[in-house]
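This is upload.csv. It holds CSV, C-alpha atoms.
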```csv
chain,number,residue,atom,x,y,z
A,23,LEU,CA,87.5,122.7,76.2
A,24,PRO,CA,85.8,124.5,73.3
A,25,ALA,CA,88.1,127.1,71.7
A,26,ARG,CA,85.0,129.4,71.6
A,27,LEU,CA,85.5,130.0,75.4
A,28,ILE,CA,88.7,132.0,74.8
A,29,ALA,CA,87.8,133.4,71.4
A,30,THR,CA,86.5,136.8,72.5
A,31,GLN,CA,88.2,139.1,70.0
A,32,PRO,CA,85.8,140.1,67.2
A,33,VAL,CA,87.0,140.2,63.6
A,34,ALA,CA,86.3,143.3,61.5
A,35,THR,CA,85.7,142.5,57.8
A,36,ARG,CA,86.6,145.1,55.2
A,37,ALA,CA,86.9,145.1,51.4
A,38,GLY,CA,90.5,144.5,50.1
A,39,SER,CA,90.3,147.7,48.1
A,40,SER,CA,89.8,149.8,51.2
A,41,THR,CA,92.8,152.0,52.1
A,42,CYS,CA,94.7,151.5,55.3
A,43,GLY,CA,93.9,155.2,56.2
A,44,ASP,CA,90.1,154.6,55.9
A,45,ALA,CA,90.4,151.4,58.0
A,46,TRP,CA,92.4,153.3,60.6
A,47,GLU,CA,89.7,155.9,60.9
A,48,TRP,CA,86.9,153.3,60.9
A,49,MET,CA,88.6,151.4,63.7
A,50,GLN,CA,89.8,154.4,65.7
A,51,PRO,CA,86.9,154.5,68.1
A,52,SER,CA,87.7,151.0,69.3
A,53,ALA,CA,89.4,150.8,72.7
A,54,ARG,CA,91.6,147.9,71.6
A,55,ASP,CA,95.2,148.6,70.8
A,56,ILE,CA,95.4,145.9,68.2
A,57,TRP,CA,92.7,145.0,65.7
A,58,THR,CA,92.9,142.4,62.9
A,59,VAL,CA,91.0,143.0,59.7
A,60,VAL,CA,89.9,140.0,57.7
A,61,LEU,CA,89.3,140.4,54.0
A,62,ALA,CA,86.9,138.0,52.1
A,63,ASP,CA,87.6,137.3,48.5
A,64,GLY,CA,85.6,134.2,47.6
A,65,ASP,CA,86.9,131.4,49.7
A,66,VAL,CA,90.3,133.1,50.2
A,67,LEU,CA,90.9,134.9,53.5
A,68,SER,CA,93.7,137.3,54.4
A,69,CYS,CA,94.4,139.3,57.4
A,70,ALA,CA,96.1,142.6,58.2
A,71,GLN,CA,97.0,143.8,61.7
A,72,ARG,CA,96.3,147.4,62.4
A,73,SER,CA,99.4,149.6,63.1
A,74,PRO,CA,99.9,153.4,63.7
A,75,GLY,CA,101.4,153.5,60.2
A,76,TRP,CA,98.0,153.1,58.7
A,77,ALA,CA,96.9,156.6,59.7
A,78,GLY,CA,96.5,158.6,56.5
A,79,SER,CA,98.0,155.8,54.3
A,80,SER,CA,96.6,155.3,50.8
A,81,ALA,CA,97.9,151.7,50.6
A,82,THR,CA,95.1,149.2,50.2
A,83,LEU,CA,94.4,146.6,52.8
A,84,GLU,CA,94.9,143.9,50.2
A,85,SER,CA,98.5,145.0,49.7
A,86,VAL,CA,99.4,144.6,53.4
A,87,ALA,CA,97.2,141.6,54.2
A,88,LYS,CA,98.7,138.1,54.6
A,89,PRO,CA,97.0,134.9,53.5
A,90,VAL,CA,95.5,132.8,56.2
A,91,PRO,CA,96.4,129.1,55.8
A,92,GLU,CA,93.5,126.7,55.7
A,93,ALA,CA,94.7,125.0,58.9
A,94,ALA,CA,94.3,128.3,60.7
A,95,VAL,CA,90.6,128.6,59.8
A,96,LEU,CA,88.5,126.5,62.3
A,97,ASP,CA,84.9,125.5,62.7
A,98,GLU,CA,83.0,127.3,65.4
A,99,GLY,CA,82.9,124.0,67.4
A,100,ALA,CA,86.7,123.5,67.3
A,101,SER,CA,88.5,122.4,70.5
A,102,LEU,CA,91.2,124.3,72.3
A,103,ARG,CA,93.7,121.7,71.1
A,104,GLU,CA,92.9,122.5,67.5
A,105,ALA,CA,93.4,126.2,68.2
A,106,VAL,CA,96.8,125.6,69.8
A,107,ASP,CA,97.8,123.4,66.9
A,108,ALA,CA,96.9,126.3,64.5
A,109,LEU,CA,98.7,128.9,66.6
A,110,THR,CA,101.8,126.8,66.5
A,111,ALA,CA,102.1,127.5,62.8
A,112,HIS,CA,100.4,130.9,62.6
A,113,PRO,CA,100.2,134.0,64.9
A,114,PHE,CA,96.4,133.7,65.0
A,115,CYS,CA,93.6,131.5,63.9
A,116,LEU,CA,90.0,132.3,62.8
A,117,LEU,CA,86.9,130.7,64.3
A,118,GLY,CA,83.5,130.3,62.7
A,119,THR,CA,82.2,130.3,59.2
A,120,GLY,CA,81.9,134.1,59.1
A,121,PRO,CA,84.5,134.1,60.5
A,122,THR,CA,83.3,135.8,63.7
A,123,PHE,CA,86.1,135.4,66.1
A,124,ILE,CA,89.9,135.4,66.2
A,125,ILE,CA,92.2,133.6,68.7
A,126,THR,CA,95.8,134.7,69.4
A,127,ALA,CA,98.4,133.2,71.7
A,128,ALA,CA,97.5,135.8,74.3
A,129,ASP,CA,94.0,134.4,74.5
A,130,LEU,CA,95.3,131.1,75.8
A,131,GLY,CA,96.0,132.9,79.1
A,132,LYS,CA,92.4,134.0,79.6
A,133,PRO,CA,90.5,132.6,82.6
A,134,ALA,CA,88.8,129.7,80.8
A,135,GLY,CA,92.2,128.5,79.4
A,136,SER,CA,93.9,129.0,82.7
A,137,LEU,CA,91.2,127.0,84.6
A,138,TRP,CA,91.5,124.1,82.1
A,139,ALA,CA,95.3,124.2,82.4
A,140,PHE,CA,95.2,124.2,86.2
A,141,GLY,CA,92.7,121.4,86.2
A,142,LEU,CA,95.0,119.3,84.0
A,143,ILE,CA,98.0,119.9,86.3
A,144,LEU,CA,95.9,119.0,89.4
A,145,SER,CA,94.7,115.8,87.6
A,146,PHE,CA,98.3,114.9,86.8
A,147,GLU,CA,99.4,115.5,90.4
A,148,ASP,CA,96.4,113.6,91.9
A,149,ALA,CA,97.1,110.6,89.7
A,150,LEU,CA,100.7,110.4,90.9
A,151,THR,CA,99.6,110.9,94.5
A,152,ARG,CA,97.2,107.9,94.2
A,153,LEU,CA,99.9,105.7,92.6
A,154,PHE,CA,102.7,106.3,95.1
A,155,PRO,CA,101.0,104.4,98.0
A,156,SER,CA,101.2,101.3,95.9
A,157,LEU,CA,105.0,101.7,95.8
A,158,SER,CA,105.1,101.8,99.7
A,159,GLN,CA,106.7,104.6,101.6
A,160,ARG,CA,110.0,102.8,102.1
A,161,LEU,CA,110.7,103.4,98.4
A,162,TRP,CA,109.9,107.1,97.9
A,163,ARG,CA,111.2,108.1,101.3
A,164,GLU,CA,114.6,106.8,100.4
A,165,GLU,CA,114.7,109.2,97.4
A,166,LEU,CA,114.2,112.4,99.4
A,167,SER,CA,117.2,114.3,100.9
A,168,GLU,CA,117.5,114.6,104.6
A,169,ASP,CA,116.3,118.2,104.5
A,170,ALA,CA,113.4,117.5,102.2
A,171,LEU,CA,112.3,114.5,104.3
A,172,GLU,CA,112.4,116.7,107.5
A,173,LYS,CA,110.2,119.4,105.9
A,174,HIS,CA,107.9,116.7,104.5
A,175,ASP,CA,107.4,115.1,107.9
A,176,ALA,CA,106.9,118.5,109.5
A,177,GLU,CA,104.1,119.2,107.0
A,178,VAL,CA,102.6,115.8,107.7
A,179,GLU,CA,102.5,116.4,111.4
A,180,SER,CA,101.0,119.9,110.9
A,181,ARG,CA,98.2,118.6,108.7
A,182,ARG,CA,97.6,115.7,111.1
A,183,GLU,CA,97.1,118.2,114.0
A,184,MET,CA,94.7,120.2,111.9
A,185,GLY,CA,92.8,117.1,110.8
A,186,THR,CA,93.5,117.7,107.1
A,187,LEU,CA,95.9,114.9,106.4
A,188,ILE,CA,94.7,112.5,103.7
A,189,THR,CA,97.9,110.5,103.1
A,190,GLU,CA,101.6,111.4,103.5
A,191,GLU,CA,102.0,111.4,99.7
A,192,HIS,CA,99.7,114.4,99.6
A,193,CYS,CA,102.5,116.4,101.4
A,194,LEU,CA,105.0,115.9,98.6
A,195,SER,CA,105.5,118.8,96.3
A,196,LEU,CA,104.7,118.6,92.6
A,197,THR,CA,108.4,118.7,91.8
A,198,GLN,CA,109.1,115.8,94.2
A,199,LYS,CA,106.2,113.8,92.7
A,200,SER,CA,107.4,114.5,89.2
A,201,ARG,CA,110.9,113.3,90.0
A,202,LEU,CA,109.7,110.2,91.8
A,203,GLY,CA,107.4,109.6,88.9
A,204,GLU,CA,110.3,109.6,86.5
A,205,LYS,CA,111.9,106.6,88.4
A,206,TYR,CA,108.8,104.6,89.5
A,207,ILE,CA,105.9,105.6,87.2
A,208,ALA,CA,107.5,106.4,83.8
A,209,PRO,CA,108.7,102.8,83.3
A,210,LEU,CA,105.0,101.7,83.5
A,211,LEU,CA,104.2,104.1,80.6
A,212,PRO,CA,105.1,104.1,76.9
A,213,ILE,CA,107.5,106.9,77.5
A,214,SER,CA,111.2,107.1,78.3
A,215,PRO,CA,112.4,108.6,81.6
A,216,ASN,CA,114.2,111.3,79.6
A,217,LYS,CA,111.0,112.2,77.7
A,218,TRP,CA,109.2,112.2,81.1
A,219,ARG,CA,111.7,114.7,82.5
A,220,LYS,CA,111.9,117.0,79.5
A,221,GLN,CA,108.5,116.9,77.9
A,222,VAL,CA,106.1,115.9,80.7
A,223,CYS,CA,107.5,117.7,83.7
A,224,GLY,CA,109.8,120.4,82.5
A,225,SER,CA,108.6,123.8,83.7
A,226,LEU,CA,105.4,122.3,85.2
A,227,GLN,CA,106.1,123.6,88.7
A,228,ASP,CA,106.5,127.2,87.4
A,229,ILE,CA,103.3,126.9,85.3
A,230,ARG,CA,101.4,125.5,88.4
A,231,ASN,CA,102.7,128.3,90.6
A,232,ASP,CA,101.7,131.0,88.2
A,233,LEU,CA,98.1,129.6,88.0
A,234,ALA,CA,97.9,128.9,91.8
A,235,HIS,CA,98.9,132.5,92.6
A,236,GLY,CA,96.5,134.1,90.1
A,237,ARG,CA,99.0,135.0,87.5
A,238,PRO,CA,98.2,134.5,83.8
A,239,LEU,CA,99.1,131.2,82.1
A,240,GLY,CA,102.6,131.2,80.8
A,241,THR,CA,103.9,134.1,82.9
A,242,SER,CA,107.1,132.2,83.8
A,243,HIS,CA,107.3,130.2,80.6
A,244,PRO,CA,110.0,131.2,78.1
A,245,LYS,CA,107.5,130.9,75.3
A,246,GLY,CA,104.6,132.5,77.0
A,247,PRO,CA,101.0,131.2,77.2
A,248,GLN,CA,101.3,129.4,73.8
A,249,GLY,CA,104.4,127.5,75.0
A,250,ALA,CA,102.8,126.7,78.3
A,251,MET,CA,99.6,125.5,76.7
A,252,THR,CA,101.5,123.4,74.1
A,253,ARG,CA,103.4,121.7,77.0
A,254,LEU,CA,100.1,120.9,78.9
A,255,LEU,CA,98.3,119.6,75.8
A,256,GLY,CA,101.3,117.2,75.2
A,257,MET,CA,100.7,115.9,78.7
A,258,ARG,CA,97.2,114.8,78.1
A,259,PRO,CA,98.0,111.3,76.8
A,260,VAL,CA,100.2,110.8,79.8
A,261,VAL,CA,97.6,111.9,82.3
A,262,ARG,CA,95.0,109.7,80.6
A,263,ARG,CA,97.4,106.7,81.0
A,264,LEU,CA,98.2,107.5,84.6
A,265,TRP,CA,94.5,107.4,85.5
A,266,GLU,CA,94.2,104.0,83.7
A,267,LEU,CA,97.0,102.8,86.0
A,268,VAL,CA,95.0,104.2,89.0
A,269,ASP,CA,92.0,102.2,87.8
A,270,GLU,CA,94.0,99.1,87.4
A,271,ARG,CA,95.4,99.4,90.9
A,272,GLU,CA,91.9,100.0,92.3
A,273,HIS,CA,90.9,96.8,90.8
A,274,VAL,CA,93.5,94.9,92.8
A,275,TRP,CA,91.4,95.4,95.9
A,276,GLY,CA,88.9,93.0,94.4
A,277,ALA,CA,91.7,90.5,94.1
A,278,PHE,CA,92.7,91.1,97.7
A,279,LEU,CA,89.1,90.6,98.8
A,280,ALA,CA,88.9,87.2,97.0
A,281,THR,CA,92.0,86.0,98.9
A,282,LEU,CA,91.4,82.6,100.5
A,283,ILE,CA,92.6,82.7,104.1
A,284,GLU,CA,93.8,79.5,105.9
A,285,LEU,CA,95.0,79.2,109.5
A,286,GLU,CA,97.3,76.5,110.8
A,287,GLN,CA,95.6,76.5,114.2
A,288,PRO,CA,92.1,77.4,115.5
A,289,ALA,CA,91.1,81.0,115.0
A,290,PRO,CA,91.6,83.2,118.1
A,291,PRO,CA,88.5,84.7,119.8
A,292,GLY,CA,87.6,88.2,118.8
A,293,PRO,CA,89.1,90.2,115.9
A,294,PHE,CA,92.5,89.3,114.6
A,295,TRP,CA,94.7,90.4,111.7
A,296,MET,CA,96.5,88.5,108.9
A,297,LEU,CA,99.7,90.1,107.6
A,298,SER,CA,102.2,89.1,104.9
A,299,ALA,CA,105.7,90.3,104.3
A,300,GLN,CA,106.3,88.3,101.1
A,301,ASN,CA,106.4,89.7,97.6
A,302,PRO,CA,106.5,93.5,98.5
A,303,ASP,CA,104.9,95.8,96.0
A,304,GLU,CA,103.5,92.7,94.2
A,305,LEU,CA,106.9,91.9,92.9
A,306,PRO,CA,107.7,88.2,93.2
A,307,LEU,CA,110.8,87.3,95.2
A,308,SER,CA,112.6,84.0,95.6
A,309,PRO,CA,111.3,81.4,98.1
A,310,ALA,CA,114.3,81.9,100.2
A,311,VAL,CA,114.0,85.7,100.4
A,312,ASN,CA,110.2,85.4,101.0
A,313,LEU,CA,110.8,82.9,103.9
A,314,GLU,CA,113.3,85.3,105.5
A,315,ARG,CA,110.9,88.2,105.3
A,316,HIS,CA,108.1,86.1,106.8
A,317,GLN,CA,110.3,85.1,109.7
A,318,SER,CA,111.3,88.7,110.3
A,319,LEU,CA,107.6,89.7,110.5
A,320,CYS,CA,106.8,86.8,112.9
A,321,ASP,CA,109.8,87.9,115.1
A,322,THR,CA,108.6,91.5,115.1
A,323,LEU,CA,105.1,90.4,116.3
A,324,GLN,CA,106.6,87.9,118.8
A,325,ARG,CA,108.7,90.7,120.4
A,326,GLN,CA,105.5,92.7,120.9
A,327,LYS,CA,103.6,89.6,122.2
A,328,LEU,CA,101.1,90.0,119.4
A,329,LEU,CA,101.8,86.8,117.5
A,330,TRP,CA,99.0,84.2,117.7
A,331,GLY,CA,100.2,81.8,115.0
A,332,GLU,CA,100.7,81.5,111.3
A,333,GLY,CA,98.6,80.9,108.2
A,334,SER,CA,98.5,81.6,104.5
A,335,GLY,CA,96.6,83.5,101.8
A,336,ARG,CA,96.1,82.3,98.3
A,337,SER,CA,94.3,83.3,95.1
A,338,PRO,CA,91.2,81.4,94.2
A,339,ALA,CA,92.1,81.5,90.5
A,340,ALA,CA,93.8,78.5,88.8
A,341,GLU,CA,95.7,80.8,86.4
A,342,ASN,CA,98.4,83.0,87.8
A,343,ALA,CA,97.8,81.4,91.2
A,344,TRP,CA,99.8,82.7,94.2
A,345,THR,CA,100.2,81.7,97.8
A,346,GLU,CA,101.9,83.7,100.6
A,347,ARG,CA,102.8,82.8,104.1
A,348,MET,CA,101.0,85.1,106.7
A,349,ALA,CA,101.3,85.9,110.3
A,350,VAL,CA,98.3,86.0,112.7
A,351,MET,CA,98.2,89.1,115.0
A,352,VAL,CA,96.0,89.5,118.0
A,353,GLY,CA,95.6,92.3,120.5
A,354,GLY,CA,96.6,95.0,118.1
A,355,THR,CA,94.8,97.7,116.1
A,356,ASP,CA,94.2,98.5,112.5
A,357,GLU,CA,96.8,101.3,112.7
A,358,LEU,CA,99.4,98.9,113.9
A,359,ALA,CA,98.5,96.2,111.4
A,360,CYS,CA,98.7,98.8,108.5
A,361,GLY,CA,101.9,100.2,109.8
A,362,LEU,CA,103.6,96.8,109.8
A,363,ALA,CA,102.2,95.9,106.3
A,364,SER,CA,103.5,99.2,105.0
A,365,ASP,CA,106.9,98.7,106.6
A,366,PHE,CA,107.1,95.4,104.7
A,367,GLY,CA,106.0,96.9,101.4
A,368,LYS,CA,102.5,95.4,101.4
A,369,ARG,CA,99.5,97.4,100.2
A,370,ALA,CA,96.9,95.5,102.3
A,371,ALA,CA,96.4,94.1,105.8
A,372,PHE,CA,93.4,91.8,106.6
A,373,ARG,CA,91.2,92.0,109.6
A,374,ILE,CA,88.9,89.0,110.4
A,375,GLU,CA,86.0,89.9,112.7
A,376,SER,CA,82.5,88.5,113.2
A,377,GLY,CA,82.8,86.2,110.3
A,378,GLU,CA,83.9,88.9,107.8
A,379,LEU,CA,87.1,89.4,105.9
A,380,ILE,CA,88.0,93.2,105.9
A,381,VAL,CA,90.7,94.5,103.6
A,382,LEU,CA,92.6,97.5,104.9
A,383,ASP,CA,94.7,100.0,102.8
A,384,SER,CA,98.1,100.0,104.5
A,385,ALA,CA,98.9,103.4,103.2
A,386,THR,CA,95.8,105.1,104.7
A,387,GLY,CA,94.4,102.7,107.2
A,388,ALA,CA,91.1,102.9,105.5
A,389,GLU,CA,88.8,100.0,104.9
A,390,ARG,CA,88.7,99.2,101.2
A,391,CYS,CA,86.2,96.3,101.1
A,392,ARG,CA,84.8,93.4,103.0
A,393,ARG,CA,83.0,90.1,102.5
A,394,PHE,CA,81.6,87.2,104.6
A,395,LEU,CA,83.8,84.2,105.0
```
Would you encode the structure as structure tokens?
Amino acid sequence: LPARLIATQPVATRAGSSTCGDAWEWMQPSARDIWTVVLADGDVLSCAQRSPGWAGSSATLESVAKPVPEAAVLDEGASLREAVDALTAHPFCLLGTGPTFIITAADLGKPAGSLWAFGLILSFEDALTRLFPSLSQRLWREELSEDALEKHDAEVESRREMGTLITEEHCLSLTQKSRLGEKYIAPLLPISPNKWRKQVCGSLQDIRNDLAHGRPLGTSHPKGPQGAMTRLLGMRPVVRRLWELVDEREHVWGAFLATLIELEQPAPPGPFWMLSAQNPDELPLSPAVNLERHQSLCDTLQRQKLLWGEGSGRSPAAENAWTERMAVMVGGTDELACGLASDFGKRAAFRIESGELIVLDSATGAERCRRFL
């Protein structure tokens, strides 16, 4: 975001020898309560902020002006981040070679800054939402209190009835997503859970609520708009890494699509589904535990009279090769297959129909990709 978008306060340039009284009279017609005067003396800039005490004063502007550090003088094409960095060390910064504009901490709460801030928070929230399904619901649901889970499930049902439900993770609040992220997502980042909690999340919910309800950025932040913006700018590397993780997890669907399916008996007529219960959340388990989980899945299908037989899925690559036992389900639906896969912590279920392998997202039931066998 260019800093120019929030730099709307003009700078009045006066000679250092001018008196404060003259400057007061000269600026009096302005409707602004506060005006900053910039004095040019070669390459040295100094600023003086107008005050009622200037009226009739014979003191020169040069005597009341304060030097502007070089770091607080920015090019006209400077970014918002550069402006915030300058404001951290100085009450205002100058923009342009003239200079022609000034930025104060209050300017950070202007519409352009607020829109950028809200977009960053939504990006952070959306990345977490996209990552949670890869953890499977059995993990994050265990972290919610009974009351929170009840409210969450009620929201899910309400959105489902209205036809606006995307995934159940979308019904989690930002605070819940942040807390879950501390446990399950932060370990995947170059950041400690403590830093995640204090520096990434912190007062994020309050900042979001202010912006969502049309209040200026930083209304509820103890350090105002500058503190809120500094917090959000510090989040940018984390948000960038979260989206890299999202991309990495999207690529896993290509690996699922390349899975080589093998049956231990002739294929059933019509569509059928291949399900695995082994290595939940792509975390390798011992052979004994995996065998126990596979048997539990087969027993579940057998009780529902949906078990046709067994088979396996394996990777085509020689390096990092893997093989998992799978159960063959017939007479079911995509919804049932995805529900069982999710219950056993698997991200995908496979449907084989008309000579095609179709990969289903167990979290949403949506088709991710397909190929001919």
Could you make a table, as JSON lines, of the residues of segment 198-308 of chain A that have an atom within 7 Å of an atom of segment 366-389 of chain A, each with its nearest atom pair and distance in Å to one decimal, counting all atoms listed in the file, in chain and number order?
```
{"residue": "A:Leu279", "atom": "CA", "partner": "A:Val381", "partner_atom": "CA", "distance": 6.4}
{"residue": "A:Gly292", "atom": "CA", "partner": "A:Glu375", "partner_atom": "CA", "distance": 6.5}
{"residue": "A:Pro293", "atom": "CA", "partner": "A:Glu375", "partner_atom": "CA", "distance": 4.5}
{"residue": "A:Phe294", "atom": "CA", "partner": "A:Ile374", "partner_atom": "CA", "distance": 5.5}
{"residue": "A:Trp295", "atom": "CA", "partner": "A:Arg373", "partner_atom": "CA", "distance": 4.4}
{"residue": "A:Met296", "atom": "CA", "partner": "A:Phe372", "partner_atom": "CA", "distance": 5.1}
{"residue": "A:Leu297", "atom": "CA", "partner": "A:Ala371", "partner_atom": "CA", "distance": 5.5}
{"residue": "A:Ala299", "atom": "CA", "partner": "A:Phe366", "partner_atom": "CA", "distance": 5.3}
{"residue": "A:Pro302", "atom": "CA", "partner": "A:Gly367", "partner_atom": "CA", "distance": 4.5}
{"residue": "A:Asp303", "atom": "CA", "partner": "A:Gly367", "partner_atom": "CA", "distance": 5.6}
```
Revision key, fill the gap. Using all atoms listed in the file, the residue out of A:Cys42, A:Leu153, A:Ala94, A:Leu83 with shortest distance to Arg271 of chain A is A:Leu153
Point to revise | Long-range neighbours of Gly38 of chain A as a PyMOL selection string, 12 Å cut-off, all atoms listed in the file, 6 positions minimum in chain | key: chain A and resi 44-45+59-64+66-70+81-88
Point to revise | Given all atoms listed in the file as the counted atoms, nearest of A:Glu172, A:Asp321, A:Glu164, A:Glu191 to Thr151 of chain A | key: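 Closest to Thr151 of chain A, using all atoms listed in the file: A:Glu191.
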Review point. How far is it from atom CA of Pro290 of chain A to atom CA of Ser364 of chain A, in Å with one decimal?
Key: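 These atoms are spaced 23.9 Å apart.
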Review point. Can you list, as number ranges by chain, every protein, DNA or RNA residue that comes within 12 Å of segment 224-236 of chain A when you count all atoms listed in the file, leaving out same-chain residues fewer than 2 positions away?
Key: A: 131-147, 195-201, 204, 216-222, 238-254, 256-257
Check your understanding: Mind pulling up the distance from atom CA of Ala208 of chain A to atom CA of Val260 of chain A?
Key ->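 Atom CA of Ala208 of chain A lies 9.4 Å from atom CA of Val260 of chain A.
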Check your understanding: Suppose you want the space between atom CA of Ile213 of chain A and atom CA of Ala108 of chain A; what is it in Å?
Key ->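 Calculated distance between atom CA of Ile213 of chain A and atom CA of Ala108 of chain A is 25.6 Å.
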**Study point:** Which residue of A:Gln287, A:Thr281, A:Leu211, A:Gln300 approaches Arg263 of chain A most closely, using only C-alpha atoms
**Key:**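 Under the stated criterion, the closest residue is A:Leu211.
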Practice item. Select, from A:Ala77, A:Leu116, A:Val274, A:Ile125, the residue with the minimum atom-to-atom distance to Ile28 of chain A, counting all atoms listed in the file. Key: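 Looking at the shortest contact to Ile28 of chain A, the residue is A:Ile125.
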Check your understanding: Looking at A:Ala359, A:Cys115, A:Ala339, A:Ala277, which one is nearest to Arg392 of chain A, with distances taken over all atoms listed in the file?
Key -> A:Ala277
**Study point:** Which of A:Gly276, A:Val311, A:Ser337, A:Ala128 sits closest to Val106 of chain A [using only C-alpha atoms]
**Key:** A:Ala128
**Study point:** Residues near Thr126 of chain A, cut-off 9 Å, only C-alpha atoms, skip fewer than 6 positions along chain, as a PyMOL selection string
**Key:** chain A and resi 29+31+105+109+113-115+248
